[in-house]
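Okay, input_1.cif now, which holds mmCIF, C-alpha atoms:
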```
data_structure
loop_
_atom_site.label_atom_id
_atom_site.label_comp_id
_atom_site.auth_asym_id
_atom_site.auth_seq_id
_atom_site.Cartn_x
_atom_site.Cartn_y
_atom_site.Cartn_z
CA MET Y 23 31.83 -162.72 -83.30
CA ALA Y 24 31.24 -166.31 -84.32
CA ASP Y 25 27.51 -166.30 -83.62
CA ASP Y 26 26.98 -162.63 -84.53
CA LEU Y 27 25.26 -161.80 -81.24
CA ILE Y 28 25.15 -158.62 -79.20
CA LEU Y 29 23.34 -158.27 -75.88
CA LEU Y 30 22.34 -154.84 -74.60
CA ASN Y 31 22.13 -155.35 -70.87
CA LEU Y 32 22.27 -153.99 -67.33
CA TRP Y 33 24.18 -156.10 -64.80
CA SER Y 34 21.49 -155.72 -62.13
CA SER Y 35 18.50 -156.57 -64.34
CA PRO Y 36 16.87 -159.95 -63.62
CA PHE Y 37 15.52 -159.84 -67.17
CA GLY Y 38 19.00 -159.43 -68.61
CA MET Y 39 20.20 -162.32 -66.44
CA ARG Y 40 17.58 -164.58 -68.06
CA VAL Y 41 19.08 -163.95 -71.49
CA ARG Y 42 22.65 -164.43 -70.28
CA ILE Y 43 21.67 -167.76 -68.73
CA ALA Y 44 20.01 -168.92 -71.96
CA LEU Y 45 23.00 -167.88 -74.08
CA ALA Y 46 25.36 -169.70 -71.69
CA GLU Y 47 23.21 -172.84 -71.69
CA LYS Y 48 23.53 -172.91 -75.46
CA GLY Y 49 27.29 -172.23 -75.33
CA LEU Y 50 26.98 -169.09 -77.44
CA ASP Y 51 29.54 -166.31 -77.83
CA TYR Y 52 28.25 -162.77 -77.75
CA GLU Y 53 29.30 -159.20 -77.20
CA LEU Y 54 27.94 -157.80 -73.94
CA ILE Y 55 27.18 -154.07 -73.90
CA GLU Y 56 26.34 -152.55 -70.54
CA GLU Y 57 23.73 -149.78 -70.86
CA ASP Y 58 23.35 -146.72 -68.66
CA LEU Y 59 19.56 -146.39 -68.36
CA SER Y 60 19.79 -142.74 -67.33
CA ASN Y 61 21.58 -142.11 -70.62
CA LYS Y 62 20.31 -144.65 -73.14
CA SER Y 63 22.59 -145.32 -76.08
CA PRO Y 64 21.53 -144.50 -79.66
CA LEU Y 65 21.89 -148.23 -80.36
CA LEU Y 66 19.37 -149.17 -77.67
CA LEU Y 67 16.90 -146.52 -78.84
CA LYS Y 68 17.27 -147.70 -82.43
CA MET Y 69 16.96 -151.40 -81.57
CA ASN Y 70 14.05 -151.03 -79.12
CA PRO Y 71 12.23 -147.84 -80.12
CA VAL Y 72 8.89 -148.97 -78.68
CA ARG Y 73 9.86 -149.94 -75.13
CA LYS Y 74 13.39 -148.43 -74.94
CA GLN Y 75 14.34 -151.16 -72.44
CA ILE Y 76 16.99 -153.79 -71.94
CA PRO Y 77 17.58 -156.62 -72.54
CA VAL Y 78 17.81 -156.51 -76.33
CA LEU Y 79 19.47 -159.33 -78.23
CA ILE Y 80 20.81 -158.31 -81.62
CA HIS Y 81 21.33 -161.30 -83.92
CA LYS Y 82 22.91 -160.62 -87.31
CA GLY Y 83 21.90 -156.99 -86.90
CA ARG Y 84 18.23 -157.69 -86.07
CA PRO Y 85 16.84 -156.93 -82.60
CA ILE Y 86 14.74 -159.20 -80.42
CA CYS Y 87 13.18 -157.64 -77.31
CA GLU Y 88 11.46 -158.83 -74.10
CA SER Y 89 13.44 -161.34 -72.05
CA LEU Y 90 11.20 -164.40 -72.33
CA ILE Y 91 10.64 -163.78 -76.03
CA ILE Y 92 14.43 -163.61 -76.46
CA VAL Y 93 14.86 -166.85 -74.48
CA GLN Y 94 12.31 -168.61 -76.72
CA TYR Y 95 14.04 -167.23 -79.82
CA ILE Y 96 17.41 -168.52 -78.62
CA ASP Y 97 15.83 -171.89 -77.88
CA GLU Y 98 14.23 -172.12 -81.33
CA VAL Y 99 17.29 -171.05 -83.33
CA TRP Y 100 19.77 -173.21 -81.36
CA ARG Y 101 17.35 -176.04 -80.74
CA HIS Y 102 19.91 -178.88 -80.87
CA LYS Y 103 21.64 -178.00 -77.58
CA SER Y 104 20.14 -177.89 -74.05
CA PRO Y 105 16.49 -177.33 -75.03
CA LEU Y 106 14.78 -174.89 -72.67
CA LEU Y 107 11.24 -175.83 -73.66
CA PRO Y 108 9.90 -179.38 -73.86
CA SER Y 109 8.75 -180.71 -77.23
CA ASP Y 110 5.26 -181.80 -76.16
CA PRO Y 111 2.71 -178.99 -76.73
CA TYR Y 112 0.94 -179.52 -73.39
CA ALA Y 113 4.22 -179.51 -71.45
CA ARG Y 114 5.20 -176.38 -73.39
CA ALA Y 115 1.91 -174.72 -72.44
CA LYS Y 116 2.54 -175.49 -68.78
CA SER Y 117 6.06 -174.02 -69.03
CA ARG Y 118 4.73 -170.89 -70.70
CA PHE Y 119 2.03 -170.57 -68.05
CA TRP Y 120 4.53 -170.68 -65.17
CA ALA Y 121 7.03 -168.38 -66.89
CA ASP Y 122 4.14 -165.92 -67.42
CA TYR Y 123 3.13 -166.34 -63.76
CA VAL Y 124 6.65 -165.37 -62.66
CA ASP Y 125 6.57 -162.38 -65.02
CA LYS Y 126 3.23 -161.11 -63.77
CA ASN Y 127 3.92 -161.35 -60.06
CA ILE Y 128 7.47 -161.56 -58.78
CA TYR Y 129 9.16 -158.39 -60.07
CA ALA Y 130 6.49 -155.87 -59.07
CA ILE Y 131 5.90 -157.34 -55.62
CA GLY Y 132 9.57 -158.04 -54.90
CA LYS Y 133 10.35 -154.41 -55.72
CA LEU Y 134 7.90 -153.27 -53.04
CA VAL Y 135 9.48 -155.54 -50.45
CA TRP Y 136 12.96 -154.04 -50.86
CA GLY Y 137 11.80 -150.64 -52.05
CA ALA Y 138 8.83 -149.64 -49.88
CA THR Y 139 8.27 -149.22 -46.16
CA GLY Y 140 5.48 -149.53 -43.62
CA GLU Y 141 2.11 -151.03 -44.56
CA ILE Y 142 2.85 -151.22 -48.28
CA GLN Y 143 6.00 -153.22 -47.60
CA GLU Y 144 4.21 -155.51 -45.13
CA ALA Y 145 1.41 -156.25 -47.57
CA ALA Y 146 3.92 -156.87 -50.36
CA LYS Y 147 5.92 -159.21 -48.15
CA LYS Y 148 2.82 -161.32 -47.41
CA GLU Y 149 1.94 -161.45 -51.10
CA LEU Y 150 5.48 -162.37 -52.13
CA ILE Y 151 5.57 -165.23 -49.64
CA GLU Y 152 2.24 -166.42 -51.04
CA TRP Y 153 3.52 -166.39 -54.63
CA PHE Y 154 6.74 -168.13 -53.54
CA LYS Y 155 4.69 -170.83 -51.82
CA VAL Y 156 2.67 -171.41 -54.97
CA LEU Y 157 5.89 -171.72 -56.96
CA GLU Y 158 7.35 -173.99 -54.32
CA GLY Y 159 4.24 -176.17 -54.58
CA GLU Y 160 4.75 -176.40 -58.32
CA VAL Y 161 8.42 -177.39 -58.25
CA GLY Y 162 7.93 -179.72 -55.24
CA ASP Y 163 10.68 -182.32 -55.03
CA LYS Y 164 11.53 -182.15 -58.73
CA PRO Y 165 15.04 -181.02 -59.65
CA TYR Y 166 13.62 -178.25 -61.84
CA PHE Y 167 10.19 -176.86 -62.72
CA GLY Y 168 10.05 -178.90 -65.91
CA GLY Y 169 11.23 -182.07 -64.21
CA ASP Y 170 14.72 -183.40 -64.89
CA SER Y 171 15.73 -180.72 -67.36
CA PHE Y 172 16.57 -177.10 -66.62
CA GLY Y 173 14.09 -175.03 -68.58
CA ILE Y 174 12.43 -171.70 -69.26
CA VAL Y 175 10.57 -171.49 -65.94
CA ASP Y 176 13.84 -171.95 -64.05
CA VAL Y 177 15.43 -169.33 -66.31
CA ALA Y 178 12.53 -166.95 -65.67
CA LEU Y 179 12.65 -167.27 -61.89
CA ILE Y 180 16.26 -167.90 -60.84
CA PRO Y 181 17.50 -164.32 -61.46
CA PHE Y 182 15.29 -163.25 -58.56
CA TYR Y 183 17.49 -165.36 -56.29
CA SER Y 184 19.94 -162.46 -56.51
CA TRP Y 185 17.26 -160.40 -54.71
CA PHE Y 186 16.85 -162.83 -51.80
CA TYR Y 187 19.29 -161.18 -49.41
CA ALA Y 188 17.83 -157.72 -50.13
CA VAL Y 189 14.26 -158.90 -49.77
CA GLU Y 190 14.97 -160.80 -46.53
CA THR Y 191 16.94 -157.97 -44.98
CA CYS Y 192 14.53 -155.18 -45.94
CA GLY Y 193 11.46 -157.29 -45.23
CA ASN Y 194 12.87 -158.87 -42.10
CA PHE Y 195 11.99 -162.47 -42.83
CA SER Y 196 13.66 -165.68 -43.90
CA ILE Y 197 12.83 -167.18 -47.28
CA VAL Y 198 14.34 -170.55 -46.35
CA ALA Y 199 12.08 -170.69 -43.27
CA GLU Y 200 8.99 -169.96 -45.38
CA CYS Y 201 9.90 -171.88 -48.56
CA PRO Y 202 12.71 -174.38 -47.98
CA LYS Y 203 12.06 -176.32 -51.19
CA LEU Y 204 12.24 -173.17 -53.26
CA VAL Y 205 15.64 -172.37 -51.76
CA SER Y 206 16.83 -175.95 -52.47
CA TRP Y 207 15.71 -175.49 -56.07
CA ALA Y 208 17.56 -172.16 -56.26
CA LYS Y 209 20.79 -173.65 -54.92
CA ARG Y 210 20.53 -176.48 -57.41
CA CYS Y 211 20.22 -173.96 -60.25
CA MET Y 212 23.21 -172.05 -58.89
CA GLU Y 213 25.32 -175.20 -59.35
CA ARG Y 214 24.96 -174.65 -63.09
CA GLU Y 215 27.73 -172.47 -64.44
CA SER Y 216 25.31 -170.69 -66.78
CA VAL Y 217 23.44 -169.45 -63.70
CA SER Y 218 26.30 -168.79 -61.27
CA LYS Y 219 28.14 -166.72 -63.89
CA SER Y 220 25.05 -164.70 -64.80
CA LEU Y 221 23.86 -163.73 -61.33
CA PRO Y 222 25.60 -161.02 -59.33
CA ASP Y 223 26.57 -161.58 -55.71
CA GLN Y 224 23.53 -161.10 -53.43
CA TYR Y 225 25.27 -158.56 -51.21
CA LYS Y 226 26.38 -156.46 -54.19
CA MET Y 227 22.75 -156.52 -55.37
CA TYR Y 228 21.53 -155.54 -51.90
CA CYS Y 229 23.81 -152.47 -51.82
CA PHE Y 230 22.69 -151.49 -55.31
CA LEU Y 231 18.99 -151.87 -54.46
CA LEU Y 232 19.44 -149.83 -51.26
CA GLU Y 233 20.89 -147.02 -53.37
CA LEU Y 234 17.88 -147.23 -55.70
CA LYS Y 235 15.53 -147.23 -52.72
CA THR Y 236 17.13 -144.02 -51.42
CA LYS Y 237 16.71 -142.44 -54.86
CA PHE Y 238 13.00 -143.44 -55.03
CA GLN Y 239 12.35 -142.11 -51.56
CA ALA Y 240 14.04 -138.82 -52.42
CA GLN Y 241 11.62 -138.38 -55.38
CA MET J 5 -9.73 -192.04 -78.43
CA ALA J 6 -12.09 -189.40 -79.76
CA GLU J 7 -10.70 -185.96 -79.27
CA GLU J 8 -12.45 -183.77 -76.71
CA VAL J 9 -12.03 -180.02 -76.79
CA LEU J 10 -13.85 -177.84 -74.28
CA LEU J 11 -13.70 -174.09 -74.02
CA PHE J 12 -14.83 -172.31 -70.87
CA GLY J 13 -15.55 -168.72 -71.83
CA ALA J 14 -17.63 -165.63 -71.20
CA TRP J 15 -19.54 -164.00 -74.04
CA ALA J 16 -18.36 -160.46 -73.25
CA SER J 17 -14.70 -161.35 -72.79
CA PRO J 18 -12.28 -160.49 -75.60
CA TYR J 19 -9.83 -163.04 -74.17
CA SER J 20 -12.40 -165.78 -74.52
CA HIS J 21 -13.17 -164.73 -78.11
CA ARG J 22 -9.51 -164.92 -79.06
CA VAL J 23 -9.56 -168.63 -78.36
CA GLU J 24 -12.80 -169.16 -80.29
CA MET J 25 -11.33 -167.38 -83.30
CA ALA J 26 -8.20 -169.48 -83.20
CA LEU J 27 -10.12 -172.77 -82.90
CA LYS J 28 -12.39 -171.77 -85.79
CA LEU J 29 -9.45 -170.72 -88.00
CA LYS J 30 -7.89 -174.13 -87.38
CA GLY J 31 -11.21 -175.89 -88.03
CA VAL J 32 -11.20 -177.55 -84.61
CA GLU J 33 -14.52 -178.82 -83.27
CA TYR J 34 -15.12 -177.83 -79.70
CA LYS J 35 -17.79 -177.60 -77.06
CA TYR J 36 -18.33 -174.15 -75.60
CA VAL J 37 -19.28 -173.68 -71.95
CA GLU J 38 -20.52 -170.22 -70.96
CA GLU J 39 -19.36 -169.22 -67.48
CA ASP J 40 -21.21 -166.86 -65.19
CA LEU J 41 -18.22 -164.97 -63.77
CA ALA J 42 -20.23 -163.90 -60.74
CA ASN J 43 -20.88 -167.54 -59.96
CA LYS J 44 -17.98 -169.61 -61.26
CA SER J 45 -18.59 -173.28 -61.89
CA PRO J 46 -16.78 -176.03 -59.94
CA SER J 47 -15.30 -177.15 -63.27
CA LEU J 48 -13.72 -173.76 -63.94
CA LEU J 49 -12.27 -173.63 -60.43
CA LYS J 50 -10.94 -177.15 -60.85
CA TYR J 51 -9.31 -176.42 -64.22
CA ASN J 52 -7.94 -172.99 -63.32
CA PRO J 53 -7.38 -173.00 -59.56
CA ILE J 54 -4.66 -170.34 -59.64
CA HIS J 55 -6.28 -167.55 -61.66
CA LYS J 56 -9.91 -168.74 -61.64
CA LYS J 57 -10.53 -166.98 -64.94
CA VAL J 58 -11.76 -167.62 -68.44
CA PRO J 59 -10.77 -168.63 -71.02
CA VAL J 60 -9.76 -172.19 -70.20
CA LEU J 61 -9.19 -174.71 -72.97
CA VAL J 62 -9.49 -178.35 -71.92
CA HIS J 63 -8.04 -180.76 -74.46
CA ASN J 64 -8.59 -184.45 -73.67
CA GLY J 65 -8.88 -183.55 -69.99
CA ASN J 66 -5.76 -181.31 -69.93
CA PRO J 67 -6.44 -177.67 -69.02
CA ILE J 68 -4.56 -174.80 -70.64
CA VAL J 69 -5.07 -171.26 -69.32
CA GLU J 70 -4.08 -167.66 -70.22
CA SER J 71 -5.25 -166.68 -73.70
CA GLN J 72 -1.83 -166.20 -75.31
CA VAL J 73 -0.58 -169.50 -73.88
CA ILE J 74 -3.72 -171.14 -75.28
CA LEU J 75 -3.17 -169.57 -78.73
CA GLU J 76 0.40 -170.93 -78.87
CA TYR J 77 -0.91 -174.36 -77.78
CA ILE J 78 -3.61 -174.36 -80.46
CA ASN J 79 -1.03 -173.37 -83.08
CA GLU J 80 1.33 -176.19 -82.07
CA THR J 81 -1.27 -178.90 -81.60
CA TRP J 82 -3.40 -178.59 -84.72
CA PRO J 83 -1.81 -178.36 -88.15
CA GLY J 84 -3.15 -176.31 -91.02
CA TYR J 85 -3.78 -172.60 -90.67
CA PRO J 86 -0.65 -171.00 -89.15
CA LEU J 87 -1.34 -168.53 -86.35
CA LEU J 88 2.33 -167.64 -86.06
CA PRO J 89 5.08 -167.37 -88.68
CA LYS J 90 7.41 -170.34 -89.12
CA ASP J 91 10.58 -168.25 -89.10
CA PRO J 92 11.90 -167.81 -85.51
CA TYR J 93 12.70 -164.12 -86.00
CA GLU J 94 9.27 -163.29 -87.46
CA ARG J 95 7.75 -165.30 -84.63
CA ALA J 96 9.68 -163.30 -82.01
CA ILE J 97 8.39 -160.07 -83.60
CA ALA J 98 4.79 -161.35 -83.51
CA ARG J 99 5.17 -162.34 -79.85
CA PHE J 100 6.59 -158.90 -79.07
CA TRP J 101 3.53 -157.13 -80.51
CA ALA J 102 1.11 -159.53 -78.83
CA LYS J 103 2.78 -158.82 -75.48
CA PHE J 104 2.83 -155.08 -76.15
CA ILE J 105 -0.89 -155.11 -76.91
CA ASP J 106 -1.80 -157.00 -73.74
CA ASP J 107 0.73 -155.50 -71.31
CA LYS J 108 0.59 -151.87 -72.45
CA CYS J 109 -2.30 -151.06 -74.82
CA LEU J 110 -5.13 -152.86 -73.10
CA LEU J 111 -4.09 -151.69 -69.68
CA ALA J 112 -3.85 -148.07 -70.86
CA ILE J 113 -7.23 -148.28 -72.62
CA PHE J 114 -8.90 -149.64 -69.47
CA LYS J 115 -7.32 -146.93 -67.33
CA ALA J 116 -8.18 -144.20 -69.83
CA SER J 117 -11.80 -145.36 -69.81
CA TRP J 118 -12.49 -145.85 -66.13
CA GLY J 119 -9.38 -145.61 -63.97
CA GLU J 120 -8.91 -143.21 -61.04
CA GLU J 121 -8.61 -139.61 -62.22
CA LYS J 122 -4.81 -139.38 -62.02
CA GLU J 123 -4.43 -142.75 -63.76
CA ARG J 124 -6.88 -141.71 -66.43
CA GLU J 125 -4.97 -138.56 -67.34
CA LYS J 126 -1.72 -140.41 -67.73
CA ALA J 127 -3.36 -143.25 -69.63
CA ALA J 128 -5.15 -140.81 -71.94
CA GLU J 129 -1.72 -139.57 -73.05
CA GLU J 130 -0.35 -143.09 -73.43
CA VAL J 131 -3.18 -144.53 -75.51
CA PRO J 132 -2.53 -142.50 -78.69
CA GLU J 133 1.23 -143.12 -78.32
CA PHE J 134 0.69 -146.88 -78.12
CA LEU J 135 -1.86 -146.92 -80.94
CA ASN J 136 0.65 -145.03 -83.03
CA HIS J 137 3.21 -147.80 -82.60
CA LEU J 138 0.61 -150.27 -83.87
CA GLU J 139 -0.29 -147.95 -86.75
CA ASN J 140 3.38 -147.88 -87.75
CA GLU J 141 3.76 -151.63 -87.40
CA LEU J 142 0.88 -152.29 -89.80
CA LYS J 143 2.70 -150.42 -92.58
CA GLU J 144 1.09 -151.52 -95.87
CA LYS J 145 -0.03 -154.90 -94.59
CA ARG J 146 -3.64 -155.95 -94.63
CA PHE J 147 -3.27 -157.60 -91.24
CA PHE J 148 -0.52 -157.68 -88.60
CA GLY J 149 0.00 -161.26 -89.77
CA GLY J 150 0.48 -160.13 -93.39
CA GLU J 151 -2.06 -161.30 -95.95
CA SER J 152 -3.98 -163.33 -93.41
CA ILE J 153 -5.01 -163.04 -89.80
CA GLY J 154 -2.42 -164.18 -87.29
CA MET J 155 -1.90 -164.24 -83.55
CA VAL J 156 -1.23 -160.49 -83.28
CA ASP J 157 -4.52 -159.69 -85.05
CA ILE J 158 -6.34 -162.10 -82.77
CA VAL J 159 -4.80 -160.57 -79.63
CA ALA J 160 -5.66 -157.11 -81.00
CA ASN J 161 -9.36 -158.16 -81.23
CA PHE J 162 -9.91 -155.89 -78.28
CA ILE J 163 -8.85 -152.89 -80.32
CA SER J 164 -10.88 -153.86 -83.37
CA PHE J 165 -14.18 -154.46 -81.63
CA TRP J 166 -14.26 -153.81 -77.90
CA VAL J 167 -12.79 -150.31 -78.19
CA GLY J 168 -15.58 -149.39 -80.61
CA ALA J 169 -18.11 -150.71 -78.10
CA PHE J 170 -16.49 -148.62 -75.29
CA GLU J 171 -16.61 -145.58 -77.51
CA GLU J 172 -20.30 -146.10 -78.15
CA ALA J 173 -21.07 -146.94 -74.50
CA PHE J 174 -19.27 -143.94 -73.05
CA GLY J 175 -19.08 -141.39 -75.86
CA SER J 176 -15.30 -141.48 -75.81
CA GLU J 177 -13.00 -141.33 -78.81
CA LEU J 178 -9.96 -143.52 -78.75
CA LEU J 179 -9.48 -144.77 -82.30
CA THR J 180 -10.23 -142.15 -84.94
CA ARG J 181 -9.79 -142.51 -88.69
CA GLU J 182 -7.98 -139.17 -88.88
CA LYS J 183 -5.27 -140.13 -86.43
CA PHE J 184 -5.09 -143.85 -87.20
CA PRO J 185 -6.13 -144.52 -90.80
CA LYS J 186 -4.30 -147.86 -91.12
CA LEU J 187 -5.60 -149.19 -87.81
CA THR J 188 -9.12 -148.10 -88.75
CA ASN J 189 -8.83 -149.94 -92.08
CA TRP J 190 -7.46 -152.96 -90.32
CA THR J 191 -10.42 -152.87 -87.91
CA HIS J 192 -12.87 -153.07 -90.82
CA GLN J 193 -10.95 -155.89 -92.53
CA PHE J 194 -10.74 -157.81 -89.29
CA VAL J 195 -14.34 -157.58 -88.10
CA ASN J 196 -15.65 -158.35 -91.60
CA ASN J 197 -13.62 -161.53 -91.92
CA THR J 198 -16.04 -164.48 -92.05
CA VAL J 199 -14.51 -166.46 -89.21
CA VAL J 200 -14.06 -163.42 -86.98
CA LYS J 201 -17.64 -162.25 -87.56
CA GLU J 202 -18.91 -165.62 -86.34
CA SER J 203 -16.87 -165.32 -83.15
CA LEU J 204 -17.80 -161.78 -82.10
CA PRO J 205 -20.52 -161.01 -79.57
CA PRO J 206 -23.54 -158.95 -80.72
CA ARG J 207 -22.48 -155.29 -80.64
CA ASP J 208 -25.67 -153.88 -79.06
CA LYS J 209 -25.62 -156.45 -76.31
CA LEU J 210 -21.95 -155.65 -75.58
CA VAL J 211 -22.56 -151.88 -75.47
CA ALA J 212 -25.47 -152.37 -73.06
CA TYR J 213 -23.38 -154.70 -70.91
CA LEU J 214 -20.48 -152.22 -70.73
CA ARG J 215 -22.80 -149.34 -69.84
CA ASN J 216 -24.37 -151.44 -67.14
CA ARG J 217 -21.14 -152.79 -65.71
CA PHE J 218 -18.92 -149.71 -65.87
CA GLY J 219 -21.31 -146.84 -66.49
CA GLY J 220 -21.46 -145.69 -62.87
CA ARG J 221 -17.77 -144.77 -62.86
CA ASN J 222 -16.18 -141.66 -64.33
CA VAL J 223 -15.81 -141.92 -68.06
CA SER J 224 -13.21 -140.41 -70.35
CA LYS J 225 -14.10 -137.34 -72.36
#
```
The structure given in the file should be rewritten as C-alpha cells.
Amino acid sequence: MADDLILLNLWSSPFGMRVRIALAEKGLDYELIEEDLSNKSPLLLKMNPVRKQIPVLIHKGRPICESLIIVQYIDEVWRHKSPLLPSDPYARAKSRFWADYVDKNIYAIGKLVWGATGEIQEAAKKELIEWFKVLEGEVGDKPYFGGDSFGIVDVALIPFYSWFYAVETCGNFSIVAECPKLVSWAKRCMERESVSKSLPDQYKMYCFLLELKTKFQAQ
Amino acid sequence: MAEEVLLFGAWASPYSHRVEMALKLKGVEYKYVEEDLANKSPSLLKYNPIHKKVPVLVHNGNPIVESQVILEYINETWPGYPLLPKDPYERAIARFWAKFIDDKCLLAIFKASWGEEKEREKAAEEVPEFLNHLENELKEKRFFGGESIGMVDIVANFISFWVGAFEEAFGSELLTREKFPKLTNWTHQFVNNTVVKESLPPRDKLVAYLRNRFGGRNVSK
C-alpha cells in the first residue's frame, strides 16, 4: 500500500466512521480490515492490548488507537491537505472542546434511545434532544462547526447521523422538528464524498441496531 | 497589549492542579482565582456556561475549559518546556495514555472508593488491571514523558497524590509498592519535583477534606 496504512474497523461503528472520513479527506489509500468483535483477531489484540477496541490505525506497522486521537494523528502527519484542525491555538482549543463534548455525551445517550425502553428511554430521549440543541446552537448558520472548513468536530459528530432513523423510530420523535439546523448541517456534510462513502445507509443501521437491542434485552 | 492569564480553580481539585503545574512548567505568569464550588461565581458561569466547572483558563479574555484541552492549549501557545512530544506518533501515544487515565483509571478509582456496592466490586477488580497497564507503560522511564515530566505525568497527578490521600482518608490500599514498584517510584519522583511540589495542596488539609466530603459513604476495604 502506498501510504502503508491499515484500519481495523467495524462497519457499524461511529468511531470507525470518523477515521474513514479523515482518511478520505486526506485522499489516503489504506487496507480496511473488518473485525468480528465477538471473535477479536490476534492482530487487534496485539495492536490494542489495553482497550482491545476498534478503530485502530496501523501506520508503518505502528498502532494508533482511539478515534479522535487517530484523526488528530492523520491531520498532523498529512497536514498539507484538507486540515481538520485550525492553526490558531484558541480555535483549536474550541474544536477540541466540542469534539470532546460529542464524545462524552452522544454515544452513551443515543444508545439508550434506540436500545432501552420505558422511562429510561424517555429520559434519554429528552437528554439527547437537549445535547442536540446545544450542538445546534453552536453550529448555528455556519456551514460547519469550525466555520467555512469541514473539521474535527464535524468528523466527530456526523457518524451519528447514521443513527438518526433508528433513534427517531425507536424514540418516536422527529430530529428535524426539534433541531432543523442540525439536520441541515448533517445534510451538508453528507454532500462530501468522504462522508457519504463512510456512513452506512440509515435503514441498514436501524436493522442492525434492532438486532443488537434484541440481544441486549435477552441478556 | 499586556498578556492576561487567569485560572479559575479549586484547591482540592486535581484537574485544577494540572493546569497550575503546566503554567508553572512553562513559566507563565497567571492570576489564580479560587472558586467555591458550592457557590459558583458569575465569572465562572460566564466563562464555562456549558459544564460550569473548574478549571477554566482565561487568556486575554478567551476562556478555555476541560483540563486536557487546556493543557494542549498551554503547550501550543507558550514556547519553551514541551508538555507533549514533537513527533506525531509519540504525541498520539501520550494522548492515548492521558485519555486512558481520565476515562478509565480515575473513574474506576472513584467507583472503587465510594460507588454503589455492585459498582465498587467491579471497579475494585478493574483498578489493579488499569494500574498494571500504567506500570508496564512506565518501563524503565523516570516519567511517562521520559526524562522529564510531560502531559501524561500531569494528567496522572491524581494517581501520584490524590490516591495517597484517599488511602489515608479511608484506610484503603490501591497503590502498593509490592504490586506496582515502578508506579510507586514514579509517584515519589513526581511529587518531589520542585514545580509539582509548589502546585500540590497540603496533604493533611486534603485528607481532612476527603473524609469530610465522602466519609459518610461506604468505603473500600
Problem set entry | Answer key for the PyMOL selection byres ((chain Y and resi 187-193) around 10), residues as a ChimeraX atom specification | /Y:132-140,143-144,146-148,150,182-186,194-198,223-232
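Going from CA of Leu204 in chain Y to CA of Lys126 in chain Y covers 18.4 Å.
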For this session: Write out as a PyMOL selection string every residue belonging to chain Y that has an atom at most 10 Å from any atom of chain J, counting only C-alpha atoms.
Result: chain Y and resi 71-73+81+84-88+90-99+109-119+122-123+126+156
Please save C-alpha atoms of the selected residues as a compact mmCIF listing (two decimals), in the frame of the given file.
```txt
# COMPACT_ATOMS: atom_id res chain seq x y z
CA PRO Y 71 12.23 -147.84 -80.12
CA VAL Y 72 8.89 -148.97 -78.68
CA ARG Y 73 9.86 -149.94 -75.13
CA HIS Y 81 21.33 -161.30 -83.92
CA ARG Y 84 18.23 -157.69 -86.07
CA PRO Y 85 16.84 -156.93 -82.60
CA ILE Y 86 14.74 -159.20 -80.42
CA CYS Y 87 13.18 -157.64 -77.31
CA GLU Y 88 11.46 -158.83 -74.10
CA LEU Y 90 11.20 -164.40 -72.33
CA ILE Y 91 10.64 -163.78 -76.03
CA ILE Y 92 14.43 -163.61 -76.46
CA VAL Y 93 14.86 -166.85 -74.48
CA GLN Y 94 12.31 -168.61 -76.72
CA TYR Y 95 14.04 -167.23 -79.82
CA ILE Y 96 17.41 -168.52 -78.62
CA ASP Y 97 15.83 -171.89 -77.88
CA GLU Y 98 14.23 -172.12 -81.33
CA VAL Y 99 17.29 -171.05 -83.33
CA SER Y 109 8.75 -180.71 -77.23
CA ASP Y 110 5.26 -181.80 -76.16
CA PRO Y 111 2.71 -178.99 -76.73
CA TYR Y 112 0.94 -179.52 -73.39
CA ALA Y 113 4.22 -179.51 -71.45
CA ARG Y 114 5.20 -176.38 -73.39
CA ALA Y 115 1.91 -174.72 -72.44
CA LYS Y 116 2.54 -175.49 -68.78
CA SER Y 117 6.06 -174.02 -69.03
CA ARG Y 118 4.73 -170.89 -70.70
CA PHE Y 119 2.03 -170.57 -68.05
CA ASP Y 122 4.14 -165.92 -67.42
CA TYR Y 123 3.13 -166.34 -63.76
CA LYS Y 126 3.23 -161.11 -63.77
CA VAL Y 156 2.67 -171.41 -54.97
```
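Against the coordinates shown, the PyMOL selection byres ((chain Y and resi 38) around 9) returns Leu29, Leu30, Asn31, Leu32, Trp33, Ser34, Ser35, Pro36, Phe37, Met39, Arg40, Val41, Arg42, Ile43, Ile76, Pro77, Val78, Ser89, Pro181 and Ser220 of chain Y.
CA of Ile28 in chain Y sits 4.6 Å away from CA of Glu53 in chain Y.
Shell of Leu111 in chain J at 12 Å, with all atoms listed in the file counted and residues fewer than 6 places along the chain excluded, is Lys103, Phe104, Ile105, Ser117, Trp118, Gly119, Glu123, Arg124, Lys126, Ala127, Ala128, Glu130, Val131, Phe134, Phe162 and Ile163 of chain J.
Picture a line from CA of Tyr19 in chain J to CA of Pro185 in chain J; it runs 25.2 Å.
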For this session: Could you list the residues chosen by the PyMOL selection byres ((chain J and resi 191) around 12) in this structure as a ChimeraX atom specification?
Result: /J:139,142,146-148,153,157-158,160-168,179-181,184-190,192-197,200-201
